[in-house]
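Okay, structure18.cif is below, mmCIF, C-alpha atoms and all ligand atoms:
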```
data_upload
loop_
_atom_site.group_PDB
_atom_site.id
_atom_site.type_symbol
_atom_site.label_atom_id
_atom_site.label_comp_id
_atom_site.auth_asym_id
_atom_site.auth_seq_id
_atom_site.Cartn_x
_atom_site.Cartn_y
_atom_site.Cartn_z
ATOM 1 C CA MET A 4 0.000 0.000 0.000
ATOM 2 C CA ALA A 5 1.541 3.273 -1.106
ATOM 3 C CA THR A 6 0.500 6.281 0.999
ATOM 4 C CA ASN A 7 1.367 9.992 0.945
ATOM 5 C CA GLN A 8 4.516 9.397 2.944
ATOM 6 C CA ASN A 9 6.082 6.437 1.155
ATOM 7 C CA ARG A 10 5.194 6.548 -2.552
ATOM 8 C CA TRP A 11 8.704 7.216 -3.791
ATOM 9 C CA GLU A 12 10.170 4.401 -1.667
ATOM 10 C CA VAL A 13 7.407 1.978 -2.725
ATOM 11 C CA GLY A 14 8.063 2.941 -6.352
ATOM 12 C CA GLU A 15 11.764 2.203 -5.951
ATOM 13 C CA GLY A 16 10.934 -1.182 -4.356
ATOM 14 C CA VAL A 17 8.520 -2.067 -7.146
ATOM 15 C CA LYS A 18 11.066 -1.056 -9.785
ATOM 16 C CA ALA A 19 13.665 -3.307 -8.149
ATOM 17 C CA ALA A 20 11.182 -6.207 -8.017
ATOM 18 C CA ILE A 21 10.265 -5.817 -11.690
ATOM 19 C CA HIS A 22 13.937 -5.550 -12.583
ATOM 20 C CA ALA A 23 14.511 -8.824 -10.689
ATOM 21 C CA GLY A 24 11.962 -10.524 -12.941
ATOM 22 C CA ILE A 25 8.602 -10.215 -11.147
ATOM 23 C CA GLY A 26 5.981 -9.278 -13.722
ATOM 24 C CA ARG A 27 3.953 -6.121 -12.972
ATOM 25 C CA GLU A 28 0.808 -8.262 -13.470
ATOM 26 C CA HIS A 29 1.797 -10.319 -10.414
ATOM 27 C CA LEU A 30 1.810 -7.237 -8.148
ATOM 28 C CA PHE A 31 -1.333 -5.630 -6.738
ATOM 29 C CA ILE A 32 -0.549 -1.993 -6.047
ATOM 30 C CA THR A 33 -2.892 0.312 -4.149
ATOM 31 C CA SER A 34 -2.685 3.998 -3.378
ATOM 32 C CA LYS A 35 -5.073 6.566 -1.911
ATOM 33 C CA ILE A 36 -6.338 10.035 -2.631
ATOM 34 C CA TRP A 37 -6.131 12.503 0.236
ATOM 35 C CA CYS A 38 -9.134 14.573 1.417
ATOM 36 C CA THR A 39 -7.897 17.891 0.009
ATOM 37 C CA ASP A 40 -7.842 16.409 -3.507
ATOM 38 C CA LEU A 41 -11.423 15.104 -3.371
ATOM 39 C CA VAL A 42 -12.727 17.761 -5.745
ATOM 40 C CA ALA A 43 -13.528 16.720 -9.317
ATOM 41 C CA GLU A 44 -10.835 18.837 -10.985
ATOM 42 C CA ARG A 45 -8.117 17.716 -8.566
ATOM 43 C CA VAL A 46 -8.671 13.968 -8.770
ATOM 44 C CA GLY A 47 -7.000 13.490 -12.178
ATOM 45 C CA PRO A 48 -3.883 15.537 -11.340
ATOM 46 C CA ALA A 49 -3.573 13.861 -7.915
ATOM 47 C CA PHE A 50 -3.799 10.441 -9.550
ATOM 48 C CA LEU A 51 -1.184 11.315 -12.182
ATOM 49 C CA ARG A 52 1.128 12.702 -9.483
ATOM 50 C CA THR A 53 0.775 9.409 -7.629
ATOM 51 C CA LEU A 54 1.679 7.417 -10.746
ATOM 52 C CA GLU A 55 4.674 9.663 -11.291
ATOM 53 C CA GLU A 56 5.880 9.283 -7.703
ATOM 54 C CA LEU A 57 5.440 5.526 -7.898
ATOM 55 C CA GLN A 58 7.047 5.421 -11.362
ATOM 56 C CA LEU A 59 4.151 3.278 -12.592
ATOM 57 C CA GLU A 60 1.804 3.261 -15.552
ATOM 58 C CA TYR A 61 -1.253 2.040 -13.672
ATOM 59 C CA LEU A 62 -2.579 1.222 -10.210
ATOM 60 C CA ASP A 63 -4.668 -1.835 -9.389
ATOM 61 C CA LEU A 64 -6.730 0.021 -6.788
ATOM 62 C CA TYR A 65 -7.151 3.714 -5.979
ATOM 63 C CA LEU A 66 -8.882 4.392 -2.665
ATOM 64 C CA ILE A 67 -10.488 7.431 -1.090
ATOM 65 C CA HIS A 68 -8.444 7.799 2.082
ATOM 66 C CA TRP A 69 -11.199 9.127 4.375
ATOM 67 C CA PRO A 70 -14.924 9.298 3.583
ATOM 68 C CA PHE A 71 -15.190 13.081 3.520
ATOM 69 C CA ARG A 72 -13.516 15.901 1.708
ATOM 70 C CA LEU A 73 -12.304 19.263 2.837
ATOM 71 C CA ARG A 74 -14.049 22.400 1.644
ATOM 72 C CA GLU A 75 -12.280 24.578 -0.880
ATOM 73 C CA GLY A 76 -9.605 26.602 0.861
ATOM 74 C CA ALA A 77 -9.522 24.493 3.997
ATOM 75 C CA SER A 78 -6.077 24.172 5.453
ATOM 76 C CA ARG A 79 -4.976 21.708 8.091
ATOM 77 C CA PRO A 80 -6.161 21.437 10.784
ATOM 78 C CA PRO A 81 -9.665 22.179 9.478
ATOM 79 C CA ARG A 82 -12.577 23.630 11.406
ATOM 80 C CA GLY A 83 -15.722 21.518 11.777
ATOM 81 C CA ASP A 84 -17.491 23.134 8.825
ATOM 82 C CA ASP A 85 -14.499 22.635 6.522
ATOM 83 C CA VAL A 86 -15.411 18.970 6.293
ATOM 84 C CA MET A 87 -17.923 17.796 3.696
ATOM 85 C CA GLU A 88 -19.558 14.424 3.954
ATOM 86 C CA LEU A 89 -19.228 11.732 1.296
ATOM 87 C CA ASP A 90 -21.663 8.993 2.213
ATOM 88 C CA MET A 91 -21.823 5.718 0.327
ATOM 89 C CA GLU A 92 -25.508 5.885 -0.588
ATOM 90 C CA GLY A 93 -25.002 9.371 -2.007
ATOM 91 C CA LEU A 94 -21.961 8.201 -3.927
ATOM 92 C CA LEU A 95 -23.764 5.195 -5.402
ATOM 93 C CA SER A 96 -26.633 7.402 -6.554
ATOM 94 C CA PHE A 97 -24.421 9.332 -8.980
ATOM 95 C CA ALA A 98 -21.308 7.198 -9.518
ATOM 96 C CA LYS A 99 -20.953 6.085 -13.137
ATOM 97 C CA ILE A 100 -18.468 3.438 -12.061
ATOM 98 C CA LYS A 101 -19.293 1.617 -8.851
ATOM 99 C CA PRO A 102 -16.458 1.455 -6.291
ATOM 100 C CA SER A 103 -14.865 -2.014 -6.247
ATOM 101 C CA VAL A 104 -13.518 -1.925 -2.701
ATOM 102 C CA CYS A 105 -14.450 -0.176 0.540
ATOM 103 C CA GLU A 106 -11.661 0.055 3.113
ATOM 104 C CA MET A 107 -12.688 0.681 6.709
ATOM 105 C CA GLU A 108 -11.717 -0.016 10.304
ATOM 106 C CA MET A 109 -12.850 -3.519 11.211
ATOM 107 C CA HIS A 110 -12.098 -5.895 14.053
ATOM 108 C CA PRO A 111 -14.319 -7.654 16.624
ATOM 109 C CA GLY A 112 -14.347 -4.466 18.762
ATOM 110 C CA TRP A 113 -15.599 -2.367 15.798
ATOM 111 C CA ARG A 114 -17.353 -4.721 13.428
ATOM 112 C CA ASN A 115 -18.977 -2.147 11.201
ATOM 113 C CA ASP A 116 -21.776 -4.653 10.523
ATOM 114 C CA ASN A 117 -24.055 -2.178 8.763
ATOM 115 C CA MET A 118 -21.379 -1.059 6.328
ATOM 116 C CA LEU A 119 -20.382 -4.669 5.703
ATOM 117 C CA GLU A 120 -23.981 -5.534 4.839
ATOM 118 C CA ALA A 121 -24.360 -2.435 2.640
ATOM 119 C CA CYS A 122 -21.202 -3.380 0.747
ATOM 120 C CA LYS A 123 -22.289 -7.001 0.320
ATOM 121 C CA LYS A 124 -25.670 -5.808 -0.969
ATOM 122 C CA ASN A 125 -23.939 -3.595 -3.517
ATOM 123 C CA ASP A 126 -21.306 -6.162 -4.443
ATOM 124 C CA ILE A 127 -18.451 -4.034 -3.100
ATOM 125 C CA HIS A 128 -15.513 -5.918 -1.619
ATOM 126 C CA VAL A 129 -14.534 -4.952 1.932
ATOM 127 C CA MET A 130 -10.977 -4.388 3.097
ATOM 128 C CA ALA A 131 -10.415 -4.143 6.854
ATOM 129 C CA TYR A 132 -7.830 -1.826 8.325
ATOM 130 C CA ALA A 133 -6.627 -1.969 11.945
ATOM 131 C CA PRO A 134 -7.525 -5.694 11.934
ATOM 132 C CA MET A 135 -5.213 -6.389 14.881
ATOM 133 C CA GLU A 136 -7.029 -4.018 17.228
ATOM 134 C CA GLY A 137 -8.712 -6.219 19.815
ATOM 135 C CA GLU A 138 -5.616 -8.305 20.273
ATOM 136 C CA GLN A 139 -5.988 -7.650 24.013
ATOM 137 C CA ASP A 140 -9.713 -8.450 24.084
ATOM 138 C CA PRO A 141 -10.548 -11.212 26.607
ATOM 139 C CA VAL A 142 -12.817 -13.020 24.106
ATOM 140 C CA VAL A 143 -10.020 -13.062 21.503
ATOM 141 C CA ASP A 144 -7.549 -14.170 24.134
ATOM 142 C CA ARG A 145 -9.819 -16.965 25.385
ATOM 143 C CA LEU A 146 -10.484 -18.277 21.869
ATOM 144 C CA ALA A 147 -6.815 -18.074 20.906
ATOM 145 C CA LYS A 148 -5.959 -20.309 23.865
ATOM 146 C CA LYS A 149 -8.839 -22.653 23.085
ATOM 147 C CA LEU A 150 -7.892 -22.973 19.402
ATOM 148 C CA ASN A 151 -4.161 -23.072 20.127
ATOM 149 C CA LYS A 152 -3.540 -20.043 17.919
ATOM 150 C CA SER A 153 -2.159 -16.571 18.586
ATOM 151 C CA PRO A 154 -4.598 -13.666 19.095
ATOM 152 C CA GLY A 155 -3.281 -12.204 15.804
ATOM 153 C CA GLN A 156 -4.133 -15.411 13.933
ATOM 154 C CA VAL A 157 -7.639 -15.468 15.408
ATOM 155 C CA LEU A 158 -8.210 -11.860 14.324
ATOM 156 C CA ALA A 159 -6.808 -12.458 10.843
ATOM 157 C CA LYS A 160 -8.935 -15.606 10.425
ATOM 158 C CA TRP A 161 -12.075 -13.891 11.709
ATOM 159 C CA ALA A 162 -11.648 -11.245 9.007
ATOM 160 C CA ILE A 163 -11.189 -13.907 6.314
ATOM 161 C CA GLN A 164 -14.214 -15.918 7.488
ATOM 162 C CA ARG A 165 -16.318 -12.741 7.298
ATOM 163 C CA GLY A 166 -15.394 -12.501 3.641
ATOM 164 C CA THR A 167 -13.170 -9.456 4.046
ATOM 165 C CA THR A 168 -9.570 -8.814 3.072
ATOM 166 C CA SER A 169 -7.525 -7.580 5.993
ATOM 167 C CA ILE A 170 -4.475 -5.438 5.523
ATOM 168 C CA ILE A 171 -2.202 -6.210 8.408
ATOM 169 C CA ILE A 172 0.685 -3.910 9.090
ATOM 170 C CA ILE A 173 4.176 -5.438 9.289
ATOM 171 C CA PRO A 174 4.678 -5.677 13.064
ATOM 172 C CA LYS A 175 7.823 -4.721 14.933
ATOM 173 C CA SER A 176 7.801 -8.128 16.568
ATOM 174 C CA ASP A 177 8.288 -11.448 14.777
ATOM 175 C CA THR A 178 4.543 -12.170 14.674
ATOM 176 C CA ILE A 179 4.328 -11.573 10.904
ATOM 177 C CA HIS A 180 5.128 -15.265 10.287
ATOM 178 C CA GLU A 181 2.030 -16.311 12.227
ATOM 179 C CA ASN A 182 -0.116 -14.443 9.731
ATOM 180 C CA PHE A 183 0.787 -16.815 6.912
ATOM 181 C CA HIS A 184 -0.760 -19.737 8.822
ATOM 182 C CA VAL A 185 -4.399 -18.785 8.693
ATOM 183 C CA PHE A 186 -5.644 -20.842 5.771
ATOM 184 C CA GLU A 187 -5.538 -24.460 6.819
ATOM 185 C CA TRP A 188 -8.013 -24.225 9.704
ATOM 186 C CA GLU A 189 -11.386 -22.634 10.592
ATOM 187 C CA ILE A 190 -12.806 -20.833 13.594
ATOM 188 C CA PRO A 191 -15.727 -23.088 14.680
ATOM 189 C CA SER A 192 -19.102 -21.414 14.227
ATOM 190 C CA GLU A 193 -19.893 -20.921 17.939
ATOM 191 C CA ASP A 194 -16.501 -19.240 18.436
ATOM 192 C CA PHE A 195 -16.947 -17.154 15.296
ATOM 193 C CA GLN A 196 -20.320 -16.112 16.703
ATOM 194 C CA ALA A 197 -18.727 -15.131 20.041
ATOM 195 C CA LEU A 198 -16.230 -12.914 18.189
ATOM 196 C CA SER A 199 -19.022 -11.418 16.125
ATOM 197 C CA THR A 200 -21.176 -10.406 19.082
ATOM 198 C CA ILE A 201 -18.759 -8.570 21.385
ATOM 199 C CA HIS A 202 -21.073 -6.017 22.948
ATOM 200 C CA HIS A 203 -18.796 -3.014 23.454
ATOM 201 C CA GLN A 204 -18.135 -1.483 20.033
ATOM 202 C CA LYS A 205 -15.794 1.459 19.608
ATOM 203 C CA ARG A 206 -14.003 2.995 16.645
ATOM 204 C CA VAL A 207 -10.298 3.172 17.487
ATOM 205 C CA LEU A 208 -8.986 5.331 14.654
ATOM 206 C CA ASP A 209 -11.288 8.352 14.544
ATOM 207 C CA GLY A 210 -8.816 10.675 12.807
ATOM 208 C CA GLU A 211 -9.074 13.242 15.585
ATOM 209 C CA ASP A 212 -5.310 13.667 15.503
ATOM 210 C CA LEU A 213 -5.678 14.712 11.859
ATOM 211 C CA PHE A 214 -9.036 16.452 11.937
ATOM 212 C CA VAL A 215 -10.149 18.784 14.690
ATOM 213 C CA ALA A 216 -13.754 18.269 13.649
ATOM 214 C CA ASP A 217 -15.947 15.525 15.052
ATOM 215 C CA VAL A 218 -16.433 13.857 11.694
ATOM 216 C CA TRP A 219 -18.345 10.682 12.536
ATOM 217 C CA ASP A 220 -22.014 10.182 13.287
ATOM 218 C CA HIS A 221 -20.894 7.466 15.751
ATOM 219 C CA GLU A 222 -22.854 4.829 13.906
ATOM 220 C CA ASP A 223 -21.233 2.149 11.833
HETATM 221 N N1 LIG B 301 -7.627 4.199 5.532
HETATM 222 C C1 LIG B 301 -7.113 4.596 6.664
HETATM 223 O O1 LIG B 301 -7.373 5.671 7.081
HETATM 224 C C2 LIG B 301 -6.218 3.681 7.463
HETATM 225 C C3 LIG B 301 -6.117 3.877 8.806
HETATM 226 C C4 LIG B 301 -5.282 3.034 9.552
HETATM 227 C C5 LIG B 301 -4.555 2.041 8.929
HETATM 228 N N2 LIG B 301 -4.653 1.875 7.611
HETATM 229 C C6 LIG B 301 -3.846 0.829 6.949
HETATM 230 O O2 LIG B 301 -4.136 -0.417 7.519
HETATM 231 C C7 LIG B 301 -2.974 -1.239 7.564
HETATM 232 C C8 LIG B 301 -2.891 -1.883 8.920
HETATM 233 O O3 LIG B 301 -2.354 -0.998 9.856
HETATM 234 P P1 LIG B 301 -2.891 -0.778 11.333
HETATM 235 O O4 LIG B 301 -2.165 0.401 11.833
HETATM 236 O O5 LIG B 301 -4.337 -0.716 11.273
HETATM 237 O O6 LIG B 301 -2.338 -2.012 12.173
HETATM 238 P P2 LIG B 301 -2.780 -3.538 12.444
HETATM 239 O O7 LIG B 301 -2.494 -4.376 11.231
HETATM 240 O O8 LIG B 301 -4.130 -3.658 13.062
HETATM 241 O O9 LIG B 301 -1.666 -3.895 13.567
HETATM 242 C C9 LIG B 301 -1.549 -3.133 14.762
HETATM 243 C C10 LIG B 301 -0.448 -3.706 15.642
HETATM 244 O O10 LIG B 301 -0.854 -4.999 16.135
HETATM 245 C C11 LIG B 301 0.305 -5.704 16.548
HETATM 246 N N3 LIG B 301 0.228 -7.131 16.192
HETATM 247 C C12 LIG B 301 0.017 -8.119 17.049
HETATM 248 N N4 LIG B 301 -0.032 -9.303 16.488
HETATM 249 C C13 LIG B 301 0.190 -9.101 15.214
HETATM 250 C C14 LIG B 301 0.268 -9.966 14.101
HETATM 251 N N5 LIG B 301 0.096 -11.298 14.215
HETATM 252 N N6 LIG B 301 0.496 -9.413 12.916
HETATM 253 C C15 LIG B 301 0.635 -8.075 12.771
HETATM 254 N N7 LIG B 301 0.576 -7.202 13.787
HETATM 255 C C16 LIG B 301 0.351 -7.716 15.011
HETATM 256 C C17 LIG B 301 1.498 -5.013 15.893
HETATM 257 O O11 LIG B 301 2.216 -4.376 16.939
HETATM 258 P P3 LIG B 301 3.826 -4.498 17.042
HETATM 259 O O12 LIG B 301 4.363 -3.843 15.828
HETATM 260 O O13 LIG B 301 4.114 -3.758 18.303
HETATM 261 O O14 LIG B 301 4.146 -5.969 17.101
HETATM 262 C C18 LIG B 301 0.867 -3.981 14.962
HETATM 263 O O15 LIG B 301 1.651 -2.794 14.824
HETATM 264 C C19 LIG B 301 -1.784 -0.341 7.167
HETATM 265 O O16 LIG B 301 -1.384 -0.690 5.867
HETATM 266 C C20 LIG B 301 -2.358 1.054 7.186
HETATM 267 O O17 LIG B 301 -1.812 1.883 6.182
HETATM 268 C C21 LIG B 301 -5.488 2.657 6.863
#
```

Just give me the structure as structure tokens.
Amino acid sequence: MATNQNRWEVGEGVKAAIHAGIGREHLFITSKIWCTDLVAERVGPAFLRTLEELQLEYLDLYLIHWPFRLREGASRPPRGDDVMELDMEGLLSFAKIKPSVCEMEMHPGWRNDNMLEACKKNDIHVMAYAPMEGEQDPVVDRLAKKLNKSPGQVLAKWAIQRGTTSIIIIPKSDTIHENFHVFEWEIPSEDFQALSTIHHQKRVLDGEDLFVADVWDHED
């Protein structure tokens, strides 16, 4: 995933990989558009700038980074009324090309059930970010012990069994290797149900460090 801060470095890495013989068609490269560029006339230039920074001819997926845009002239940090909403229903009512993927925070402590359903209904694939949040949750911990897996594996598997893709950050610790072993087993249905009904739901990444405004309606 190439973001604002690392596009050049990702581009260099991709170039090295292609040079070493990996075909571009075997790489799935995603980048994102930032809120200040979410105005019709800025989308094209922002996209082309991204391609240039990545030294690529195409992206496989281009995401909207946050589901709102900043009003014309807004500078960071914005005031509350600098933020304009971009809701999915509104988007689908005028979009000529339906979004393929919706990326959102998702883990057993913030399931986002309503958005998941809305995406399924509209045939939009869901990609979960912050999938490892909840690693400390007692239900996750109990099931990890019961299933003889790590909490990270339980969280990664839960996301897969829900039909979502989870983008897991490369951890500082050595736990990354665990994440490759999530395909040859299943979370039994009663345990999956326990993970899917944790009562206390709370968004962890609300963007308040980036946006002064209270931008969420606190519903999923
Ligand atoms: N669209 C957006 O606004 C948005 C927002 C947030 C994130 N993202 C994207 O989502 C991706 C995931 O990032 P995230 O920050 O949400 O983190 P995450 O994947 O949920 O991981 C959070 C932390 O969990 C710990 N962890 C424990 N067990 C792990 C395991 N088995 N595998 C991996 N990590 C484990 C790691 O801590 P240690 O390093 O201490 O081990 C890791 O840093 C990133 O690519 C990020 O760019 C997007």

Written as a ChimeraX atom specification, which residues does the PyMOL selection byres (((not hetatm)) within 8 of (chain B and resi 301)) give for the file shown?
/A:4,6,67-69,106-108,131-136,138,153-156,159,169-182,208,210

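In this model, the gap between atom CA of Asn115 of chain A and atom CA of Lys205 of chain A comes to 9.7 Å.
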
Convert the output of the PyMOL selection byres (((chain A and resi 129) around 8) and not hetatm) on the shown file into explicit residues, formatted as a PyMOL selection string.
chain A and resi 104-107+119+122+127-128+130-131+166-168

Output of the above residues as a short mmCIF file (atom, residue, chain, number, x, y, z; two decimals), keeping the file's coordinate frame, restricted to C-alpha atoms:
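The result, stored in again-v4.cif:
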```cif
data_model
loop_
_atom_site.label_atom_id
_atom_site.label_comp_id
_atom_site.auth_asym_id
_atom_site.auth_seq_id
_atom_site.Cartn_x
_atom_site.Cartn_y
_atom_site.Cartn_z
CA VAL A 104 -13.52 -1.92 -2.70
CA CYS A 105 -14.45 -0.18 0.54
CA GLU A 106 -11.66 0.06 3.11
CA MET A 107 -12.69 0.68 6.71
CA LEU A 119 -20.38 -4.67 5.70
CA CYS A 122 -21.20 -3.38 0.75
CA ILE A 127 -18.45 -4.03 -3.10
CA HIS A 128 -15.51 -5.92 -1.62
CA MET A 130 -10.98 -4.39 3.10
CA ALA A 131 -10.42 -4.14 6.85
CA GLY A 166 -15.39 -12.50 3.64
CA THR A 167 -13.17 -9.46 4.05
CA THR A 168 -9.57 -8.81 3.07
#
```

Hits of the PyMOL selection byres (((chain A and resi 54) around 12) and not hetatm) in this structure, as a PDB file with C-alpha atoms, keeping the file's coordinate frame:
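After the write, part-v4.pdb holds the following:
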```pdb
ATOM      1  CA  ALA A   5       1.541   3.273  -1.106  1.00  0.00           C
ATOM      2  CA  THR A   6       0.500   6.281   0.999  1.00  0.00           C
ATOM      3  CA  ASN A   7       1.367   9.992   0.945  1.00  0.00           C
ATOM      4  CA  ARG A  10       5.194   6.548  -2.552  1.00  0.00           C
ATOM      5  CA  TRP A  11       8.704   7.216  -3.791  1.00  0.00           C
ATOM      6  CA  VAL A  13       7.407   1.978  -2.725  1.00  0.00           C
ATOM      7  CA  GLY A  14       8.063   2.941  -6.352  1.00  0.00           C
ATOM      8  CA  ILE A  32      -0.549  -1.993  -6.047  1.00  0.00           C
ATOM      9  CA  THR A  33      -2.892   0.312  -4.149  1.00  0.00           C
ATOM     10  CA  SER A  34      -2.685   3.998  -3.378  1.00  0.00           C
ATOM     11  CA  LYS A  35      -5.073   6.566  -1.911  1.00  0.00           C
ATOM     12  CA  ILE A  36      -6.338  10.035  -2.631  1.00  0.00           C
ATOM     13  CA  GLY A  47      -7.000  13.490 -12.178  1.00  0.00           C
ATOM     14  CA  PRO A  48      -3.883  15.537 -11.340  1.00  0.00           C
ATOM     15  CA  ALA A  49      -3.573  13.861  -7.915  1.00  0.00           C
ATOM     16  CA  PHE A  50      -3.799  10.441  -9.550  1.00  0.00           C
ATOM     17  CA  LEU A  51      -1.184  11.315 -12.182  1.00  0.00           C
ATOM     18  CA  ARG A  52       1.128  12.702  -9.483  1.00  0.00           C
ATOM     19  CA  THR A  53       0.775   9.409  -7.629  1.00  0.00           C
ATOM     20  CA  GLU A  55       4.674   9.663 -11.291  1.00  0.00           C
ATOM     21  CA  GLU A  56       5.880   9.283  -7.703  1.00  0.00           C
ATOM     22  CA  LEU A  57       5.440   5.526  -7.898  1.00  0.00           C
ATOM     23  CA  GLN A  58       7.047   5.421 -11.362  1.00  0.00           C
ATOM     24  CA  LEU A  59       4.151   3.278 -12.592  1.00  0.00           C
ATOM     25  CA  GLU A  60       1.804   3.261 -15.552  1.00  0.00           C
ATOM     26  CA  TYR A  61      -1.253   2.040 -13.672  1.00  0.00           C
ATOM     27  CA  LEU A  62      -2.579   1.222 -10.210  1.00  0.00           C
ATOM     28  CA  ASP A  63      -4.668  -1.835  -9.389  1.00  0.00           C
ATOM     29  CA  LEU A  64      -6.730   0.021  -6.788  1.00  0.00           C
ATOM     30  CA  TYR A  65      -7.151   3.714  -5.979  1.00  0.00           C
TER      31      TYR A  65
END
```

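Note that atom CA of Arg74 of chain A and atom CA of Asn125 of chain A are 28.3 Å apart.
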
Record the distance separating atom CA of Lys160 of chain A and atom CA of His202 of chain A, expressed in Å with one decimal.
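Computing it gives 19.9 Å between the two atoms.
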
Pick out the residues sitting within 9 Å of segment 161-164 of chain A, and hand them over as a PyMOL selection string; count only C-alpha atoms, and ignore anything fewer than 6 positions along from it in its own chain.
chain A and resi 109-111+131+134+185-186+189-190+195+198-199

Point out the residue among A:Val17, A:Asp40, A:His203, A:Glu28 with the least atom-to-atom distance to Gly112 of chain A, counting all atoms listed in the file.
A:His203

Can you tell me, as a list in words, what residues are no more than 10 Å from segment 92-96 of chain A when counting only C-alpha atoms, ignoring any on the same chain fewer than 5 positions away?
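My list of contacting residues is Lys101, Pro102, Ala121 and Asn125 of chain A.
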
Once you add 4 Å to each side, what are the centre and edge lengths of the axis-aligned box holding all listed atoms of segment 12-24 of chain A? One decimal in Å, as JSON, if you can.
```
{"center_x": 11.0, "center_y": -3.1, "center_z": -7.3, "size_x": 15.1, "size_y": 22.9, "size_z": 19.3}
```

Rebuild N, CA and C atoms on segment 59-71 of chain A, as an mmCIF file, in the coordinates of the input?
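Wrote it out as out.cif, contents follow:
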```
data_model
loop_
_atom_site.group_PDB
_atom_site.id
_atom_site.type_symbol
_atom_site.label_atom_id
_atom_site.label_comp_id
_atom_site.auth_asym_id
_atom_site.auth_seq_id
_atom_site.Cartn_x
_atom_site.Cartn_y
_atom_site.Cartn_z
ATOM 1 N N LEU A 59 4.979 4.360 -12.045
ATOM 2 C CA LEU A 59 4.151 3.278 -12.592
ATOM 3 C C LEU A 59 3.251 3.803 -13.702
ATOM 4 N N GLU A 60 2.726 2.860 -14.494
ATOM 5 C CA GLU A 60 1.804 3.261 -15.552
ATOM 6 C C GLU A 60 0.356 3.075 -15.143
ATOM 7 N N TYR A 61 0.114 2.222 -14.171
ATOM 8 C CA TYR A 61 -1.253 2.040 -13.672
ATOM 9 C C TYR A 61 -1.244 1.561 -12.233
ATOM 10 N N LEU A 62 -2.362 1.770 -11.557
ATOM 11 C CA LEU A 62 -2.579 1.222 -10.210
ATOM 12 C C LEU A 62 -3.624 0.129 -10.334
ATOM 13 N N ASP A 63 -3.625 -0.806 -9.401
ATOM 14 C CA ASP A 63 -4.668 -1.835 -9.389
ATOM 15 C C ASP A 63 -5.880 -1.360 -8.588
ATOM 16 N N LEU A 64 -5.631 -0.483 -7.622
ATOM 17 C CA LEU A 64 -6.730 0.021 -6.788
ATOM 18 C C LEU A 64 -6.386 1.433 -6.320
ATOM 19 N N TYR A 65 -7.357 2.340 -6.432
ATOM 20 C CA TYR A 65 -7.151 3.714 -5.979
ATOM 21 C C TYR A 65 -8.264 4.013 -4.978
ATOM 22 N N LEU A 66 -7.886 4.240 -3.734
ATOM 23 C CA LEU A 66 -8.882 4.392 -2.665
ATOM 24 C C LEU A 66 -9.064 5.847 -2.268
ATOM 25 N N ILE A 67 -10.250 6.150 -1.757
ATOM 26 C CA ILE A 67 -10.488 7.431 -1.090
ATOM 27 C C ILE A 67 -10.013 7.233 0.345
ATOM 28 N N HIS A 68 -9.079 8.071 0.797
ATOM 29 C CA HIS A 68 -8.444 7.799 2.082
ATOM 30 C C HIS A 68 -9.431 7.893 3.250
ATOM 31 N N TRP A 69 -10.189 8.962 3.322
ATOM 32 C CA TRP A 69 -11.199 9.127 4.375
ATOM 33 C C TRP A 69 -12.517 9.512 3.712
ATOM 34 N N PRO A 70 -13.648 9.116 4.289
ATOM 35 C CA PRO A 70 -14.924 9.298 3.583
ATOM 36 C C PRO A 70 -15.524 10.701 3.702
ATOM 37 N N PHE A 71 -14.699 11.704 3.592
ATOM 38 C CA PHE A 71 -15.190 13.081 3.520
ATOM 39 C C PHE A 71 -14.128 13.906 2.816
#
```
